[in-house]
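Report on one structure; see the data block that follows.
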Amino acid sequence: QASTIPLLLKLRDSIDRNYGGCRGTELDKRVAIMGYSEGGYATVAVANAIDKLRDGYRHTYMGIGGGPLKMGSEMLMAVEGIVDGTYPFAQLYARLGNAYSSTNQDLVNTDLGQDMASEEYMDPNDPAKNVFEWAISGLDYNSMFPYMPGPPASDMINPALAQLVLDEASAGGRDPCNSEFVTDEVDQLCQALLDNDLSDIVDAMNYQLTFCHSQEDDIVLFENIPDTTTRDNFILIEDLIGDVLDPSVGAGDNGDGLKPAGGHLEAINFCYIGYLFPYIDPDDSANVRGIRPLERTCGYESSTSRSSKKSKSSKTSKSTKSKRR
């Protein structure tokens with residue numbers, strides 16, 4: 001979102017200034033956005049930012065793959081797995097620890113002593129125990145692994161936050177930041193997570209959203225996506241692909257072979273290939289997922305329009321000659 005929108009606005013202004021008006025070029029306002037994992041989260045954030053521009057943009061396709069959309073609930077509940085050693089990718093929470101530990105002045109928990117990372121893993125004197133240094137030095141997830149504590153890796157997480165999650169789990173809930181267990185040690189940290197939770201934003205979107213998410217996802221749980229049976233514009237990619245391959249097959253009856261499967265890192269390949277399916281069917285070009293070139297631009301006509309007009313002109317000319325005879 002931080003880079004996409006400025007680039008879009010820069011492109012729009014450049015086209016208007018250098019090629020716009022009756023010189024024949026305008027920015028096509030039809031938008032297709034796709035992403036996986038952090039990119040799935042960014043897909044929703046970027047779409048929401050584009051909507052806020054209120055500049056006539058129209059969403060033709062949104063592919064949301066494996067996105068951690070529920071930052072304040074389902075993603076936070078994964079801390080339980082970090083505590084008991086069952087969560088397979090604790091490096092992700094080192095990244096989140098960096099993001100939600102007074103590194104962003106726009107977050108409400110900044111400089112209030114309510115950081116997501118533990119004090120032990122924000123040690124300014126020990127780069128090996130400093131999640132900020134890991135990010136600054138450019139460590140990727142694999143390079144970060146030798147520095148991870150444990151297992152379990154929960155030593156790098158604010159203990160008050162970990163306790164909140166464990167209390168909520170013991171009570172059978174999955175929404176810790178909206179629970180009775182929130183204390184004044186984590187209330188603003190919770191608010192920062194809720195502020196970046198995309199659940200309500202997704203619910204407010206009235207155009208088609210296509211979700212690609214494996215039910216076996218071990219890093220970003222399947223529960224991060226909304227209930228697609230409650231909304232006509234929420235579609236699972238397996239249903240969309242089934243409709244393209246065989247329109248006679250009803251939604252939800254397309255077979256296990258077309259569903260994203262495996263863990264988070266395995267499902268990514270299916271999702272990226274699956275995003276292409278709506279564009280391969282010739283009959284699909286007329287609906288919301290197809291993108292055709294603009295027919296006319298400020299006095300300049302596309303070749304299709306000119307060809308059509310020429311054909312009509314030819315027919316009119318022949319008709320006139322016939323009448324004269």
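Here, A, B, ... name the chains of the structure tokens in the order displayed, residue numbers run from 1 inside each chain, and ligands are numbered from 1 in the same displayed order.
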
Enumerate, in order of chain and increasing residue number, the residues of segment 84-196 of chain A with an atom no farther than 10 Å from segment 200-224 of chain A, each with its shortest atom pair and distance in Å to one decimal, counting only C-alpha atoms, as JSON lines.
```
{"residue": "A:Thr86", "atom": "CA", "partner": "A:Asp218", "partner_atom": "CA", "distance": 9.7}
{"residue": "A:Tyr87", "atom": "CA", "partner": "A:Ile219", "partner_atom": "CA", "distance": 7.3}
{"residue": "A:Pro88", "atom": "CA", "partner": "A:Ile219", "partner_atom": "CA", "distance": 7.0}
{"residue": "A:Phe89", "atom": "CA", "partner": "A:Ile219", "partner_atom": "CA", "distance": 6.5}
{"residue": "A:Ala90", "atom": "CA", "partner": "A:Ile219", "partner_atom": "CA", "distance": 9.0}
{"residue": "A:Leu92", "atom": "CA", "partner": "A:Ile219", "partner_atom": "CA", "distance": 8.7}
```

Using only C-alpha atoms, which residue out of A:Ala99, A:Met122, A:Met75, A:Leu8 lies closest to Pro176 of chain A?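 Smallest separation from Pro176 of chain A among the options: A:Met75.
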
My list of candidates is A:Gly274, A:Pro151, A:Gly97, A:Gly138. Which is closest to Pro260 of chain A when distances are computed with only C-alpha atoms? A:Gly274

Counting only C-alpha atoms, which residue out of A:Leu194, A:Ala160, A:Ala261, A:Leu53 sits closest to Gly113 of chain A?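 Checking each candidate against Gly113 of chain A, we get A:Ala160 as the closest.
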
Which value, in Å to one decimal, gives the distance between atom CA of Asn48 of chain A and atom CA of Leu198 of chain A? 9.7 Å

Which residues are close to Gly63 of chain A, i.e. within 12 Å by only C-alpha atoms, leaving aside same-chain residues fewer than 5 positions away? Reply as JSON, numbers by chain. {"A": [31, 32, 33, 34, 35, 36, 37, 39, 40, 41, 42, 43, 44, 47, 207, 208, 209, 210, 211, 212, 213, 234, 235, 236, 237, 240, 271, 272, 273, 274, 275, 276, 277, 278, 289]}

Those in segment 108-289 of chain A with strand (DSSP E) from DSSP, as number ranges by chain: A: 209-212, 234-236

Based on the selection just made, write N, CA and C atoms of those residues as an mmCIF file, in the first residue's frame.
```
data_model
loop_
_atom_site.group_PDB
_atom_site.id
_atom_site.type_symbol
_atom_site.label_atom_id
_atom_site.label_comp_id
_atom_site.auth_asym_id
_atom_site.auth_seq_id
_atom_site.Cartn_x
_atom_site.Cartn_y
_atom_site.Cartn_z
ATOM 1 N N LEU A 209 -14.423 -10.943 -4.673
ATOM 2 C CA LEU A 209 -13.152 -11.293 -4.043
ATOM 3 C C LEU A 209 -12.953 -12.797 -4.200
ATOM 4 N N THR A 210 -11.816 -13.187 -4.741
ATOM 5 C CA THR A 210 -11.516 -14.598 -4.925
ATOM 6 C C THR A 210 -10.445 -15.015 -3.929
ATOM 7 N N PHE A 211 -10.778 -15.964 -3.056
ATOM 8 C CA PHE A 211 -9.857 -16.407 -2.013
ATOM 9 C C PHE A 211 -9.207 -17.727 -2.412
ATOM 10 N N CYS A 212 -7.888 -17.773 -2.268
ATOM 11 C CA CYS A 212 -7.149 -19.016 -2.487
ATOM 12 C C CYS A 212 -6.418 -19.333 -1.191
ATOM 13 N N PHE A 234 -18.078 -13.320 -2.478
ATOM 14 C CA PHE A 234 -16.937 -14.022 -1.893
ATOM 15 C C PHE A 234 -16.858 -15.398 -2.535
ATOM 16 N N ILE A 235 -15.751 -15.674 -3.233
ATOM 17 C CA ILE A 235 -15.640 -16.910 -4.001
ATOM 18 C C ILE A 235 -14.335 -17.620 -3.662
ATOM 19 N N LEU A 236 -14.407 -18.940 -3.450
ATOM 20 C CA LEU A 236 -13.202 -19.738 -3.308
ATOM 21 C C LEU A 236 -12.657 -20.049 -4.695
#
```

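The neighbours of Val83 of chain A here are the residues that come within 9 Å of it, using only C-alpha atoms and leaving out any residue fewer than 6 positions away in the same chain; they are Pro151, Pro152, Ala153, Ser154, Asp155, Ala162 and Leu166 of chain A.
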
Could those selected residues go to a file with N, CA and C atoms, as a PDB file, in the first residue's frame?
```pdb
ATOM      1  N   PRO A 151      13.302 -24.485  20.619  1.00  0.00           N
ATOM      2  CA  PRO A 151      11.883 -24.349  20.913  1.00  0.00           C
ATOM      3  C   PRO A 151      11.562 -24.592  22.387  1.00  0.00           C
ATOM      4  N   PRO A 152      10.467 -23.933  22.843  1.00  0.00           N
ATOM      5  CA  PRO A 152       9.593 -23.031  22.090  1.00  0.00           C
ATOM      6  C   PRO A 152      10.240 -21.657  21.885  1.00  0.00           C
ATOM      7  N   ALA A 153       9.703 -20.923  20.931  1.00  0.00           N
ATOM      8  CA  ALA A 153      10.266 -19.620  20.576  1.00  0.00           C
ATOM      9  C   ALA A 153       9.553 -18.463  21.265  1.00  0.00           C
ATOM     10  N   SER A 154       8.776 -18.775  22.276  1.00  0.00           N
ATOM     11  CA  SER A 154       7.937 -17.750  22.902  1.00  0.00           C
ATOM     12  C   SER A 154       8.732 -16.733  23.708  1.00  0.00           C
ATOM     13  N   ASP A 155      10.019 -16.990  23.956  1.00  0.00           N
ATOM     14  CA  ASP A 155      10.826 -16.025  24.709  1.00  0.00           C
ATOM     15  C   ASP A 155      10.922 -14.679  24.003  1.00  0.00           C
ATOM     16  N   ALA A 162       1.489 -13.074  25.373  1.00  0.00           N
ATOM     17  CA  ALA A 162       1.393 -14.533  25.335  1.00  0.00           C
ATOM     18  C   ALA A 162       0.375 -15.028  26.356  1.00  0.00           C
ATOM     19  N   LEU A 166      -3.081 -17.287  25.807  1.00  0.00           N
ATOM     20  CA  LEU A 166      -3.298 -18.549  26.518  1.00  0.00           C
ATOM     21  C   LEU A 166      -4.590 -18.511  27.328  1.00  0.00           C
TER      22      LEU A 166
END
```

Determine which residues of segment 34-215 of chain A receive a DSSP assignment of helix (DSSP H, G or I), computed from the backbone, and state them as an MDAnalysis selection string. chainID A and resid 38:53 74:84 91:99 119:121 127:129 131:136 141:147 154:156 159:170 176:178 187:195 199:204

Would you list the contacts of Asp115 of chain A as number ranges by chain, taking every protein, DNA or RNA residue within 9 Å and counting only C-alpha atoms, but skipping same-chain residues closer than 2 positions in sequence? A: 97-98, 100-102, 109-113, 117-119, 157-158, 186, 189

Quick one: of A:Asn142, A:Thr183, A:Asn269, A:Asn196, who's nearest to Leu69 of chain A, counting only C-alpha atoms?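 Using only C-alpha atoms, Leu69 of chain A sits closest to A:Asn196.
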
Shell of 8 Å around Met144 of chain A, only C-alpha atoms, local chain residues under 5 positions omitted, as a VMD selection string: chain A and resid 91 134 139

Could you please determine the separation between atom CA of Arg95 of chain A and atom CA of Met116 of chain A in Å, to one decimal place?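 Those two atoms sit 10.1 Å apart.
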